[in-house]
Number of protein chains: 2
Amino acid sequence: MLITRASEYAILSLILLSSAKEPMDSETLSRELSIPKSFLAKILQALAKSGVLKSYKGAKGGFALDKETKDISMLAVMSCVEGKAPAVFECAPAEKSCPSEQANICSIWPFLHKLQGKIDSFLEELTLADIVEE
Amino acid sequence: MLITRASEYAILSLILLSSAKEPMDSETLSRELSIPKSFLAKILQALAKSGVLKSYKGAKGGFALDKETKDISMLAVMSCVEGKAPAVFECAPAEKSCPSEQANICSIWPFLHKLQGKIDSFLEELTLADIVEE
DNA sequence: CGAATCTAAAGCCATAATAGCCTCCTGATA
DNA sequence: TATCAGGAGGCTATTATGGCTTTAGATTCG
Ligand code: SF4
Ligand code: SF4
């Protein structure tokens, strides 16, 4: 799996939040989307920390978007939720990642890197706005 | 990770085998590529079962390619080694895979499916020949 | 021809990494 | 200050990876 469940939940939440006027708390989101509350909380926290969401504590608190939908790329969302950018394979992002340090002579690294590039640019260009307005 | 270590090992083995005249036994391959022997054996068996490799028992036995390099697609290799086709996400291959059975109204399924399609065709068209002759 | 030897085939087990989920603590608001 | 909701860490199930042993088929040599 290139994409984890955490990313799915993140995107579903963002979609819902994009059409909300006021901040929504994690419990409401959890109920609305049938997502385990505690798991979702951690995801939302990560999104808040990276600036995609803004969190409000205390009564009437919750989460709300902190950017325009067209400024939220799927790549950014996944990178932040999963802790690292989605990689097709361990060594795909950079030659240095190869454990045997033979990426320069490895026959399959070029193709891995090419595939990774395609995926990255796809995710980079795809924004929340694209998804919502379909 | 979309691609597992088993797939990496499979491809590395196939590259080596493509330039060999005679069958190579799993131990030689394991030593040559620094791959755990027992793990590699399992991978080679899977490849043999799906017709990519041909196995020879007894003395002077081993594994050899059973197809032209240009007829071996990476998609086929991965599918057979990993037991299933590499999926970008649980629900990406087909709408039916959605656990909540809401793929038809799900906002993000279309984009997942599109990404999956891109990856599939990339892997489908990439053959062992392409990799070897670089 | 027959036995010893070689190698794949198949099964089960152990460990490491990851994904997924839950509980309690901390801080802000009313 | 009482309450509401986010923050941080811990726990379990699943998967990926690798090890080990036994079985079975083929070859080679005496
Ligand atoms: S050997 Fe090649 S495929 Fe394997 S990790 Fe290194 S660069 Fe990647
Ligand atoms: S809800 Fe959408 S993204 Fe989630 S599994 Fe179903 S189709 Fe896929």
# chains A, B, ... in the order shown; residues from 1 in each chain; ligands from 1
call {"tool": "calpha_fit_rmsd", "arguments": {"fixed": "chain A", "moving": "chain B"}}
result
0.1 Å
call {"tool": "residues_near_ligand", "arguments": {"ligand": "ligand 1", "cutoff": "7 Å", "atoms": "only C-alpha atoms (C1' of nucleotides) and all ligand atoms", "output": "ChimeraX atom specification"}}
result
/A:90-92,95,97-103,106-109 /B:8
call {"tool": "write_last_selection", "arguments": {"atoms": "C-alpha atoms", "output": "compact mmCIF listing (two decimals), in the first residue's frame"}}
result
# COMPACT_ATOMS: atom_id res chain seq x y z
CA GLU A 90 12.78 2.34 0.15
CA CYS A 91 15.39 3.66 -2.25
CA ALA A 92 13.11 5.51 -4.62
CA GLU A 95 20.14 7.28 -4.38
CA SER A 97 18.66 5.57 0.51
CA CYS A 98 20.07 2.38 -0.93
CA PRO A 99 21.27 0.23 1.95
CA SER A 100 23.99 -1.37 -0.12
CA GLU A 101 25.09 2.01 -1.45
CA GLN A 102 25.10 0.70 -4.96
CA ALA A 103 22.36 2.84 -6.38
CA CYS A 106 21.99 -0.64 -9.63
CA SER A 107 20.04 -1.57 -12.75
CA ILE A 108 16.64 -1.05 -11.32
CA TRP A 109 17.07 2.21 -9.47
CA GLU B 8 13.32 -6.06 -5.56
call {"tool": "interface_residues", "arguments": {"of": "chain B", "to": "chain A", "cutoff": "6 Å", "atoms": "only C-alpha atoms", "output": "MDAnalysis selection string"}}
result
chainID B and resid 1:3 87:89
call {"tool": "atom_distance", "arguments": {"atom1": "atom 3 (S, counted along the ligand's line) of ligand 2", "atom2": "CA of Ser55 in chain A"}}
result
24.7 Å
call {"tool": "atom_distance", "arguments": {"atom1": "CA of Tyr9 in chain B", "atom2": "C1' of DT15 in chain C"}}
result
20.0 Å
call {"tool": "interface_residues", "arguments": {"of": "chain D", "to": "chain B", "cutoff": "9 Å", "atoms": "only C-alpha atoms (C1' of nucleotides)", "output": "list of chain:residue names"}}
result
D:DA16, D:DT17, D:DG18, D:DG19, D:DC20, D:DG25, D:DA26, D:DT27, D:DT28
call {"tool": "atom_distance", "arguments": {"atom1": "C1' of DA19 in chain C", "atom2": "CA of Lys84 in chain A"}}
result
14.6 Å
call {"tool": "select_by_dssp", "arguments": {"residues": "range 14-115 of chain B", "states": "alpha helix (DSSP H)", "output": "VMD selection string"}}
result
chain B and resid 14 to 18 26 to 33 37 to 49 74 to 82 109 to 115
call {"tool": "interface_residues", "arguments": {"of": "chain C", "to": "chain B", "cutoff": "7 Å", "atoms": "only C-alpha atoms (C1' of nucleotides)", "output": "PyMOL selection string"}}
result
chain C and resi 6-8
call {"tool": "residues_around", "arguments": {"residues": "Asp71 in chain B", "least_positions_apart": "6", "cutoff": "12 Å", "atoms": "only C-alpha atoms (C1' of nucleotides)", "output": "list in words"}}
result
Gly51, Val52, Leu65, Val77, Glu124, Glu125, Leu126, Thr127, Leu128, Ala129 and Asp130 of chain B
call {"tool": "select_by_dssp", "arguments": {"residues": "chain A", "states": "strand (DSSP E or B)", "output": "VMD selection string"}}
result
chain A and resid 24 53 to 56 62 to 65 73 127
call {"tool": "decode", "arguments": {"residues": "range 19-30 of chain A", "atoms": "N, CA and C atoms", "output": "PDB file, in the first residue's frame"}}
result
ATOM      1  N   SER A  19     -16.406  22.113   3.591  1.00  0.00           N
ATOM      2  CA  SER A  19     -17.762  22.614   3.379  1.00  0.00           C
ATOM      3  C   SER A  19     -18.406  23.035   4.700  1.00  0.00           C
ATOM      4  N   ALA A  20     -17.578  23.203   5.728  1.00  0.00           N
ATOM      5  CA  ALA A  20     -18.108  23.600   7.031  1.00  0.00           C
ATOM      6  C   ALA A  20     -17.761  25.059   7.311  1.00  0.00           C
ATOM      7  N   LYS A  21     -18.678  25.729   7.937  1.00  0.00           N
ATOM      8  CA  LYS A  21     -18.465  27.141   8.260  1.00  0.00           C
ATOM      9  C   LYS A  21     -17.677  27.287   9.555  1.00  0.00           C
ATOM     10  N   GLU A  22     -18.072  26.484  10.533  1.00  0.00           N
ATOM     11  CA  GLU A  22     -17.440  26.607  11.844  1.00  0.00           C
ATOM     12  C   GLU A  22     -16.523  25.416  12.104  1.00  0.00           C
ATOM     13  N   PRO A  23     -15.624  25.575  13.067  1.00  0.00           N
ATOM     14  CA  PRO A  23     -14.751  24.462  13.436  1.00  0.00           C
ATOM     15  C   PRO A  23     -15.565  23.232  13.835  1.00  0.00           C
ATOM     16  N   MET A  24     -15.069  22.070  13.474  1.00  0.00           N
ATOM     17  CA  MET A  24     -15.736  20.833  13.883  1.00  0.00           C
ATOM     18  C   MET A  24     -14.819  20.087  14.840  1.00  0.00           C
ATOM     19  N   ASP A  25     -15.380  19.518  15.883  1.00  0.00           N
ATOM     20  CA  ASP A  25     -14.540  18.780  16.824  1.00  0.00           C
ATOM     21  C   ASP A  25     -14.354  17.352  16.341  1.00  0.00           C
ATOM     22  N   SER A  26     -13.340  16.741  16.875  1.00  0.00           N
ATOM     23  CA  SER A  26     -12.945  15.433  16.357  1.00  0.00           C
ATOM     24  C   SER A  26     -14.037  14.384  16.548  1.00  0.00           C
ATOM     25  N   GLU A  27     -14.822  14.517  17.614  1.00  0.00           N
ATOM     26  CA  GLU A  27     -15.855  13.509  17.839  1.00  0.00           C
ATOM     27  C   GLU A  27     -16.939  13.574  16.766  1.00  0.00           C
ATOM     28  N   THR A  28     -17.336  14.772  16.414  1.00  0.00           N
ATOM     29  CA  THR A  28     -18.340  14.920  15.358  1.00  0.00           C
ATOM     30  C   THR A  28     -17.825  14.331  14.045  1.00  0.00           C
ATOM     31  N   LEU A  29     -16.600  14.690  13.697  1.00  0.00           N
ATOM     32  CA  LEU A  29     -16.005  14.167  12.471  1.00  0.00           C
ATOM     33  C   LEU A  29     -15.965  12.643  12.508  1.00  0.00           C
ATOM     34  N   SER A  30     -15.559  12.129  13.650  1.00  0.00           N
ATOM     35  CA  SER A  30     -15.449  10.688  13.801  1.00  0.00           C
ATOM     36  C   SER A  30     -16.799  10.008  13.572  1.00  0.00           C
TER      37      SER A  30
END
